[in-house]
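Participant: I'm passing along data_25.cif; it holds mmCIF, N, CA and C atoms.
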data_run
loop_
_atom_site.label_atom_id
_atom_site.label_comp_id
_atom_site.auth_asym_id
_atom_site.auth_seq_id
_atom_site.Cartn_x
_atom_site.Cartn_y
_atom_site.Cartn_z
N MET A 85 13.04 -15.15 30.34
CA MET A 85 12.59 -13.82 30.13
C MET A 85 12.69 -13.48 28.64
N ILE A 86 11.73 -12.72 28.12
CA ILE A 86 11.69 -12.37 26.71
C ILE A 86 12.61 -11.16 26.46
N PRO A 87 13.50 -11.25 25.47
CA PRO A 87 14.36 -10.10 25.19
C PRO A 87 13.56 -8.94 24.61
N ARG A 88 14.06 -7.79 24.83
CA ARG A 88 13.36 -6.61 24.32
C ARG A 88 13.26 -6.68 22.81
N LEU A 89 12.12 -6.31 22.30
CA LEU A 89 11.86 -6.38 20.87
C LEU A 89 12.79 -5.47 20.08
N SER A 90 13.12 -4.31 20.63
CA SER A 90 13.97 -3.38 19.89
C SER A 90 15.36 -3.96 19.65
N ARG A 91 15.88 -4.73 20.64
CA ARG A 91 17.19 -5.34 20.44
C ARG A 91 17.14 -6.40 19.35
N VAL A 92 16.06 -7.15 19.33
CA VAL A 92 15.92 -8.20 18.32
C VAL A 92 15.75 -7.56 16.95
N VAL A 93 14.95 -6.51 16.87
CA VAL A 93 14.70 -5.86 15.60
C VAL A 93 15.95 -5.16 15.09
N ASP A 94 16.75 -4.56 16.00
CA ASP A 94 17.98 -3.88 15.59
C ASP A 94 18.97 -4.84 14.96
N LYS A 95 18.98 -6.08 15.42
CA LYS A 95 19.95 -7.05 14.91
C LYS A 95 19.54 -7.60 13.55
N GLN A 96 18.28 -7.43 13.19
CA GLN A 96 17.82 -7.95 11.90
C GLN A 96 18.25 -7.01 10.79
N GLN A 97 18.73 -7.57 9.72
CA GLN A 97 19.05 -6.81 8.53
C GLN A 97 18.10 -7.25 7.43
N SER A 98 17.46 -6.31 6.79
CA SER A 98 16.59 -6.71 5.70
C SER A 98 17.45 -7.05 4.50
N ALA A 99 17.06 -8.08 3.81
CA ALA A 99 17.86 -8.58 2.70
C ALA A 99 17.78 -7.66 1.49
N ASP A 100 16.72 -6.91 1.37
CA ASP A 100 16.54 -6.11 0.16
C ASP A 100 17.09 -4.70 0.28
N SER A 101 17.57 -4.27 1.43
CA SER A 101 18.08 -2.91 1.55
C SER A 101 19.60 -2.92 1.51
N GLU A 102 20.14 -2.05 0.68
CA GLU A 102 21.58 -1.88 0.61
C GLU A 102 21.89 -0.51 1.18
N PRO A 103 22.57 -0.45 2.35
CA PRO A 103 22.83 0.85 2.96
C PRO A 103 23.66 1.78 2.08
N GLY A 104 24.60 1.24 1.32
CA GLY A 104 25.43 2.08 0.46
C GLY A 104 24.62 2.74 -0.64
N LEU A 105 23.73 1.99 -1.25
CA LEU A 105 22.88 2.52 -2.30
C LEU A 105 21.93 3.58 -1.75
N ALA A 106 21.36 3.33 -0.59
CA ALA A 106 20.45 4.31 0.02
C ALA A 106 21.19 5.58 0.38
N ARG A 107 22.40 5.46 0.86
CA ARG A 107 23.18 6.66 1.22
C ARG A 107 23.57 7.46 -0.01
N ARG A 108 23.97 6.77 -1.08
CA ARG A 108 24.31 7.49 -2.31
C ARG A 108 23.08 8.19 -2.89
N PHE A 109 21.94 7.48 -2.89
CA PHE A 109 20.71 8.06 -3.39
C PHE A 109 20.28 9.25 -2.53
N GLY A 110 20.43 9.11 -1.22
CA GLY A 110 20.11 10.21 -0.32
C GLY A 110 21.02 11.40 -0.53
N PHE A 111 22.30 11.15 -0.79
CA PHE A 111 23.23 12.24 -1.04
C PHE A 111 22.88 12.98 -2.32
N VAL A 112 22.58 12.24 -3.37
CA VAL A 112 22.20 12.87 -4.65
C VAL A 112 20.90 13.65 -4.48
N SER A 113 19.97 13.10 -3.74
CA SER A 113 18.70 13.80 -3.49
C SER A 113 18.92 15.07 -2.68
N ALA A 114 19.78 15.01 -1.68
CA ALA A 114 20.07 16.20 -0.86
C ALA A 114 20.76 17.27 -1.68
N VAL A 115 21.68 16.88 -2.55
CA VAL A 115 22.35 17.85 -3.42
C VAL A 115 21.36 18.46 -4.39
N THR A 116 20.48 17.64 -4.96
CA THR A 116 19.45 18.15 -5.88
C THR A 116 18.52 19.11 -5.15
N PHE A 117 18.11 18.77 -3.94
CA PHE A 117 17.25 19.65 -3.14
C PHE A 117 17.95 20.98 -2.87
N THR A 118 19.21 20.92 -2.47
CA THR A 118 19.95 22.15 -2.15
C THR A 118 20.14 23.02 -3.38
N LEU A 119 20.54 22.42 -4.49
CA LEU A 119 20.73 23.19 -5.72
C LEU A 119 19.42 23.77 -6.23
N SER A 120 18.33 23.04 -6.06
CA SER A 120 17.01 23.56 -6.47
C SER A 120 16.61 24.75 -5.61
N MET A 121 16.88 24.67 -4.32
CA MET A 121 16.57 25.81 -3.44
C MET A 121 17.41 27.03 -3.81
N LEU A 122 18.69 26.82 -4.10
CA LEU A 122 19.54 27.93 -4.51
C LEU A 122 19.09 28.51 -5.85
N ALA A 123 18.74 27.64 -6.79
CA ALA A 123 18.25 28.12 -8.09
C ALA A 123 16.95 28.89 -7.93
N LEU A 124 16.08 28.44 -7.03
CA LEU A 124 14.83 29.17 -6.78
C LEU A 124 15.14 30.56 -6.23
N ASP A 125 16.07 30.65 -5.29
CA ASP A 125 16.43 31.95 -4.74
C ASP A 125 16.98 32.88 -5.82
N VAL A 126 17.83 32.34 -6.68
CA VAL A 126 18.42 33.16 -7.75
C VAL A 126 17.34 33.62 -8.73
N THR A 127 16.48 32.70 -9.16
CA THR A 127 15.45 33.08 -10.14
C THR A 127 14.45 34.06 -9.55
N GLU A 128 14.10 33.90 -8.28
CA GLU A 128 13.17 34.86 -7.67
C GLU A 128 13.84 36.22 -7.48
N THR A 129 15.12 36.24 -7.14
CA THR A 129 15.83 37.50 -7.00
C THR A 129 15.91 38.22 -8.35
N VAL A 130 16.22 37.49 -9.39
CA VAL A 130 16.26 38.08 -10.73
C VAL A 130 14.89 38.60 -11.13
N ALA A 131 13.84 37.85 -10.81
CA ALA A 131 12.49 38.29 -11.15
C ALA A 131 12.11 39.56 -10.41
N VAL A 132 12.53 39.69 -9.15
CA VAL A 132 12.23 40.91 -8.40
C VAL A 132 13.03 42.09 -8.94
N VAL A 133 14.29 41.86 -9.28
CA VAL A 133 15.13 42.94 -9.82
C VAL A 133 14.58 43.42 -11.17
N ARG A 134 14.12 42.48 -11.98
CA ARG A 134 13.54 42.84 -13.28
C ARG A 134 12.11 43.34 -13.15
N LYS A 135 11.56 43.27 -11.94
CA LYS A 135 10.19 43.72 -11.64
C LYS A 135 9.15 43.01 -12.49
N ILE A 136 9.30 41.69 -12.60
CA ILE A 136 8.30 40.92 -13.33
C ILE A 136 7.48 40.03 -12.41
N GLY A 137 7.74 40.10 -11.12
CA GLY A 137 6.98 39.27 -10.18
C GLY A 137 7.39 37.82 -10.29
N ASN A 138 6.43 36.95 -10.34
CA ASN A 138 6.68 35.53 -10.42
C ASN A 138 6.87 35.14 -11.89
N ASP A 139 7.88 34.34 -12.19
CA ASP A 139 8.08 33.95 -13.57
C ASP A 139 8.06 32.44 -13.71
N PRO A 140 7.86 31.93 -14.92
CA PRO A 140 7.74 30.48 -15.12
C PRO A 140 9.02 29.72 -14.74
N LEU A 141 10.18 30.35 -14.89
CA LEU A 141 11.42 29.66 -14.56
C LEU A 141 11.49 29.32 -13.07
N SER A 142 11.11 30.26 -12.21
CA SER A 142 11.17 29.98 -10.77
C SER A 142 10.13 28.95 -10.37
N VAL A 143 8.98 28.95 -11.03
CA VAL A 143 7.97 27.93 -10.72
C VAL A 143 8.43 26.57 -11.23
N GLY A 144 9.07 26.55 -12.40
CA GLY A 144 9.58 25.29 -12.92
C GLY A 144 10.65 24.68 -12.03
N VAL A 145 11.51 25.53 -11.48
CA VAL A 145 12.53 25.06 -10.54
C VAL A 145 11.87 24.56 -9.26
N SER A 146 10.76 25.19 -8.88
CA SER A 146 10.08 24.82 -7.63
C SER A 146 9.52 23.40 -7.66
N ILE A 147 9.24 22.88 -8.84
CA ILE A 147 8.69 21.51 -8.93
C ILE A 147 9.72 20.49 -8.43
N LEU A 148 11.00 20.76 -8.64
CA LEU A 148 12.03 19.80 -8.22
C LEU A 148 12.20 19.72 -6.71
N ILE A 149 11.88 20.79 -6.02
CA ILE A 149 12.16 20.85 -4.58
C ILE A 149 11.41 19.78 -3.79
N PRO A 150 10.06 19.68 -3.89
CA PRO A 150 9.38 18.64 -3.10
C PRO A 150 9.73 17.22 -3.55
N LEU A 151 9.98 17.02 -4.84
CA LEU A 151 10.34 15.68 -5.31
C LEU A 151 11.68 15.23 -4.75
N ALA A 152 12.66 16.13 -4.76
CA ALA A 152 13.97 15.79 -4.20
C ALA A 152 13.88 15.62 -2.68
N PHE A 153 13.02 16.40 -2.03
CA PHE A 153 12.86 16.29 -0.58
C PHE A 153 12.30 14.93 -0.19
N VAL A 154 11.28 14.46 -0.89
CA VAL A 154 10.70 13.14 -0.57
C VAL A 154 11.71 12.03 -0.87
N ALA A 155 12.46 12.17 -1.95
CA ALA A 155 13.48 11.16 -2.24
C ALA A 155 14.54 11.13 -1.14
N MET A 156 14.91 12.29 -0.63
CA MET A 156 15.88 12.35 0.47
C MET A 156 15.30 11.71 1.73
N LEU A 157 14.02 11.99 2.03
CA LEU A 157 13.39 11.38 3.20
C LEU A 157 13.29 9.86 3.06
N ALA A 158 13.02 9.37 1.85
CA ALA A 158 12.96 7.93 1.62
C ALA A 158 14.32 7.28 1.86
N ALA A 159 15.38 7.95 1.44
CA ALA A 159 16.72 7.41 1.67
C ALA A 159 17.07 7.40 3.16
N ILE A 160 16.67 8.45 3.86
CA ILE A 160 16.91 8.49 5.31
C ILE A 160 16.12 7.37 5.99
N HIS A 161 14.89 7.17 5.57
CA HIS A 161 14.06 6.11 6.16
C HIS A 161 14.68 4.74 5.93
N THR A 162 15.20 4.52 4.74
CA THR A 162 15.78 3.21 4.41
C THR A 162 17.06 2.95 5.19
N SER A 163 17.85 3.98 5.43
CA SER A 163 19.14 3.76 6.10
C SER A 163 19.05 3.85 7.63
N THR A 164 17.88 4.10 8.17
CA THR A 164 17.68 4.19 9.62
C THR A 164 17.48 2.79 10.20
N PRO A 165 17.98 2.52 11.41
CA PRO A 165 17.72 1.22 12.04
C PRO A 165 16.21 0.97 12.18
N VAL A 166 15.83 -0.28 12.11
CA VAL A 166 14.41 -0.65 12.07
C VAL A 166 13.67 -0.17 13.32
N SER A 167 14.32 -0.17 14.46
CA SER A 167 13.62 0.22 15.69
C SER A 167 13.31 1.72 15.74
N ARG A 168 13.93 2.51 14.91
CA ARG A 168 13.70 3.96 14.91
C ARG A 168 13.00 4.45 13.65
N ARG A 169 12.49 3.56 12.86
CA ARG A 169 11.87 3.94 11.59
C ARG A 169 10.50 4.58 11.73
N LEU A 170 9.90 4.53 12.90
CA LEU A 170 8.60 5.17 13.07
C LEU A 170 8.70 6.66 12.78
N TRP A 171 9.74 7.30 13.30
CA TRP A 171 9.88 8.75 13.14
C TRP A 171 10.22 9.13 11.71
N THR A 172 11.06 8.33 11.06
CA THR A 172 11.36 8.64 9.66
C THR A 172 10.16 8.35 8.77
N LEU A 173 9.36 7.36 9.15
CA LEU A 173 8.14 7.09 8.39
C LEU A 173 7.15 8.24 8.51
N LEU A 174 7.03 8.80 9.71
CA LEU A 174 6.16 9.97 9.88
C LEU A 174 6.64 11.15 9.05
N GLY A 175 7.95 11.38 9.04
CA GLY A 175 8.49 12.44 8.20
C GLY A 175 8.24 12.19 6.73
N LEU A 176 8.36 10.94 6.32
CA LEU A 176 8.11 10.58 4.92
C LEU A 176 6.65 10.78 4.56
N VAL A 177 5.75 10.45 5.47
CA VAL A 177 4.31 10.65 5.21
C VAL A 177 3.99 12.14 5.07
N PHE A 178 4.47 12.96 6.00
CA PHE A 178 4.19 14.40 5.91
C PHE A 178 4.87 15.03 4.70
N GLY A 179 6.07 14.58 4.37
CA GLY A 179 6.73 15.08 3.16
C GLY A 179 5.98 14.69 1.91
N SER A 180 5.41 13.48 1.89
CA SER A 180 4.61 13.04 0.75
C SER A 180 3.33 13.86 0.62
N ILE A 181 2.73 14.20 1.75
CA ILE A 181 1.53 15.05 1.71
C ILE A 181 1.88 16.41 1.13
N TRP A 182 3.00 16.98 1.57
CA TRP A 182 3.44 18.27 1.04
C TRP A 182 3.68 18.18 -0.47
N THR A 183 4.31 17.10 -0.91
CA THR A 183 4.58 16.92 -2.34
C THR A 183 3.29 16.76 -3.12
N ALA A 184 2.34 16.00 -2.55
CA ALA A 184 1.07 15.78 -3.25
C ALA A 184 0.27 17.07 -3.40
N VAL A 185 0.47 18.02 -2.51
CA VAL A 185 -0.24 19.29 -2.61
C VAL A 185 0.52 20.29 -3.48
N SER A 186 1.84 20.36 -3.32
CA SER A 186 2.58 21.43 -3.99
C SER A 186 2.90 21.16 -5.45
N VAL A 187 3.21 19.92 -5.83
CA VAL A 187 3.56 19.64 -7.23
C VAL A 187 2.38 19.94 -8.17
N PRO A 188 1.15 19.49 -7.88
CA PRO A 188 0.04 19.90 -8.75
C PRO A 188 -0.18 21.41 -8.77
N ASN A 189 0.06 22.06 -7.64
CA ASN A 189 -0.05 23.52 -7.59
C ASN A 189 0.95 24.17 -8.54
N TYR A 190 2.20 23.75 -8.48
CA TYR A 190 3.21 24.31 -9.38
C TYR A 190 2.90 23.98 -10.83
N PHE A 191 2.40 22.77 -11.09
CA PHE A 191 2.04 22.40 -12.45
C PHE A 191 0.92 23.30 -12.97
N LEU A 192 -0.07 23.55 -12.15
CA LEU A 192 -1.15 24.45 -12.57
C LEU A 192 -0.65 25.87 -12.78
N GLN A 193 0.29 26.31 -11.97
CA GLN A 193 0.85 27.63 -12.18
C GLN A 193 1.60 27.71 -13.51
N LEU A 194 2.26 26.64 -13.88
CA LEU A 194 2.99 26.64 -15.15
C LEU A 194 2.07 26.57 -16.35
N THR A 195 0.95 25.87 -16.23
CA THR A 195 0.11 25.61 -17.40
C THR A 195 -1.11 26.51 -17.50
N VAL A 196 -1.66 26.98 -16.40
CA VAL A 196 -2.91 27.72 -16.43
C VAL A 196 -2.71 29.22 -16.26
N VAL A 197 -1.81 29.61 -15.37
CA VAL A 197 -1.62 31.01 -15.05
C VAL A 197 -1.01 31.74 -16.25
N ARG A 198 -1.58 32.89 -16.58
CA ARG A 198 -1.00 33.72 -17.65
C ARG A 198 0.09 34.58 -17.04
N TRP A 199 1.22 34.59 -17.68
CA TRP A 199 2.37 35.33 -17.15
C TRP A 199 2.40 36.70 -17.81
N GLY A 200 2.33 37.73 -16.99
CA GLY A 200 2.35 39.09 -17.50
C GLY A 200 3.62 39.80 -17.09
N GLY A 201 4.07 40.72 -17.92
CA GLY A 201 5.28 41.46 -17.62
C GLY A 201 5.09 42.48 -16.51
N ASP A 202 3.88 42.96 -16.30
CA ASP A 202 3.64 43.98 -15.29
C ASP A 202 2.85 43.43 -14.12
N SER A 203 3.12 42.18 -13.75
CA SER A 203 2.33 41.55 -12.70
C SER A 203 2.55 42.21 -11.34
N VAL A 204 3.74 42.76 -11.10
CA VAL A 204 3.99 43.40 -9.81
C VAL A 204 3.12 44.63 -9.67
N ALA A 205 3.02 45.42 -10.73
CA ALA A 205 2.19 46.63 -10.67
C ALA A 205 0.73 46.28 -10.47
N SER A 206 0.26 45.19 -11.10
CA SER A 206 -1.16 44.84 -10.94
C SER A 206 -1.42 44.28 -9.54
N PHE A 207 -0.45 43.57 -8.96
CA PHE A 207 -0.63 43.08 -7.61
C PHE A 207 -0.64 44.23 -6.61
N ALA A 208 0.12 45.27 -6.89
CA ALA A 208 0.18 46.41 -5.97
C ALA A 208 -1.15 47.15 -5.93
N ASP A 209 -1.94 47.06 -7.00
CA ASP A 209 -3.23 47.76 -7.05
C ASP A 209 -4.34 47.00 -6.32
N LEU A 210 -4.09 45.74 -5.99
CA LEU A 210 -5.13 44.96 -5.33
C LEU A 210 -5.33 45.44 -3.89
N ARG A 211 -6.54 45.53 -3.48
CA ARG A 211 -6.86 45.93 -2.09
C ARG A 211 -7.81 44.90 -1.52
N ALA A 212 -7.76 44.77 -0.21
CA ALA A 212 -8.68 43.87 0.46
C ALA A 212 -10.07 44.51 0.50
N ALA A 213 -11.08 43.66 0.40
CA ALA A 213 -12.45 44.17 0.46
C ALA A 213 -12.75 44.66 1.87
N PRO A 214 -13.40 45.80 2.00
CA PRO A 214 -13.70 46.31 3.34
C PRO A 214 -14.73 45.43 4.05
N LEU A 215 -14.57 45.33 5.35
CA LEU A 215 -15.53 44.58 6.16
C LEU A 215 -16.78 45.42 6.37
N ARG A 216 -17.93 44.79 6.32
CA ARG A 216 -19.19 45.52 6.54
C ARG A 216 -19.85 45.07 7.78
#
How would this structure read if it were set down as structure tokens?
Facilitator:
Amino acid sequence: MIPRLSRVVDKQQSADSEPGLARRFGFVSAVTFTLSMLALDVTETVAVVRKIGNDPLSVGVSILIPLAFVAMLAAIHTSTPVSRRLWTLLGLVFGSIWTAVSVPNYFLQLTVVRWGGDSVASFADLRAAPLR
């Protein structure tokens, strides 16, 4: 009788993966992700209190969030047993898609968008176009 493939695959260790290195890298990535999220919350709160709306500092901090998230997902994928890597690979793919969309968006916000001191007041004046 043929043994189940998952048992055979679980017993295999890839020669190029070091679980300790992946765990340390994942820990550093998770800490970077968490600190970036906290920094984003602080910078956005300060921007709201100062009534300046969105500021370049909060957008600059936002660039780190998806990059650290994908690095964390890659570390999780590497340290997961081979038979269960399908789910971590799916998470890594969707996280990469999110990063591919959001990082260029944040970069464009930093380089193209003009930052005004009264942006909150101008946003408050915007109205939706009436339906006809």
Participant: Take the PyMOL selection byres (((chain A and resi 118-129 and name CA) around 9) and name CA), run it mentally on this structure, and tell me the resulting residues as a list in words.
Facilitator: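 Going through the file, the PyMOL selection byres (((chain A and resi 118-129 and name CA) around 9) and name CA) ends up selecting Ser113, Ala114, Val115, Thr116, Phe117, Val130, Ala131, Val132, Val133, Arg134, Gly137, Asn138, Asp139, Leu141, Ser142, Val143, Gly144, Val145, Ser146, Ile147, Leu148, Ile149 and Ala152 of chain A.
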Participant: Which of these, A:Pro150, A:Phe109, A:Lys135, A:Trp171, has the shortest distance to Asn189 in chain A once you count only C-alpha atoms?
Facilitator: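 When distances to Asn189 in chain A are compared using only C-alpha atoms, the smallest one comes from A:Pro150.
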Participant: Which of range 99-207 of chain A end up as helix (DSSP H, G or I) when DSSP is run on this backbone - answer as a ChimeraX atom specification?
Facilitator: /A:103-133,140-163,166-195,203-207
Participant: Between CA of Gly110 in chain A and CA of Leu151 in chain A, what distance in Å does the model show, to one decimal?
Facilitator: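 It comes out at 12.3 Å.
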Participant: When you count all atoms listed in the file, which of these residues is closest to His161 in chain A: A:Leu192, A:Leu173, A:Ile181, A:Val187?
Facilitator: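 Nearest to His161 in chain A: A:Leu173.
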Participant: Have a look at atom N of Met156 in chain A and CA of Val197 in chain A and let me know their distance in Å, one decimal.
Facilitator: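 Computed distance, atom N of Met156 in chain A to CA of Val197 in chain A, equals 28.8 Å.
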Participant: I'd like to know which of A:Val196, A:Ala106, A:Val112, A:Ile160 is closest to Leu174 in chain A, using only C-alpha atoms.
Facilitator: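 For Leu174 in chain A, the nearest of the given residues is A:Ile160.
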Participant: So how far away is atom N of Phe153 in chain A from atom N of Phe191 in chain A, in Å?
Facilitator: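 So the answer is 15.3 Å.
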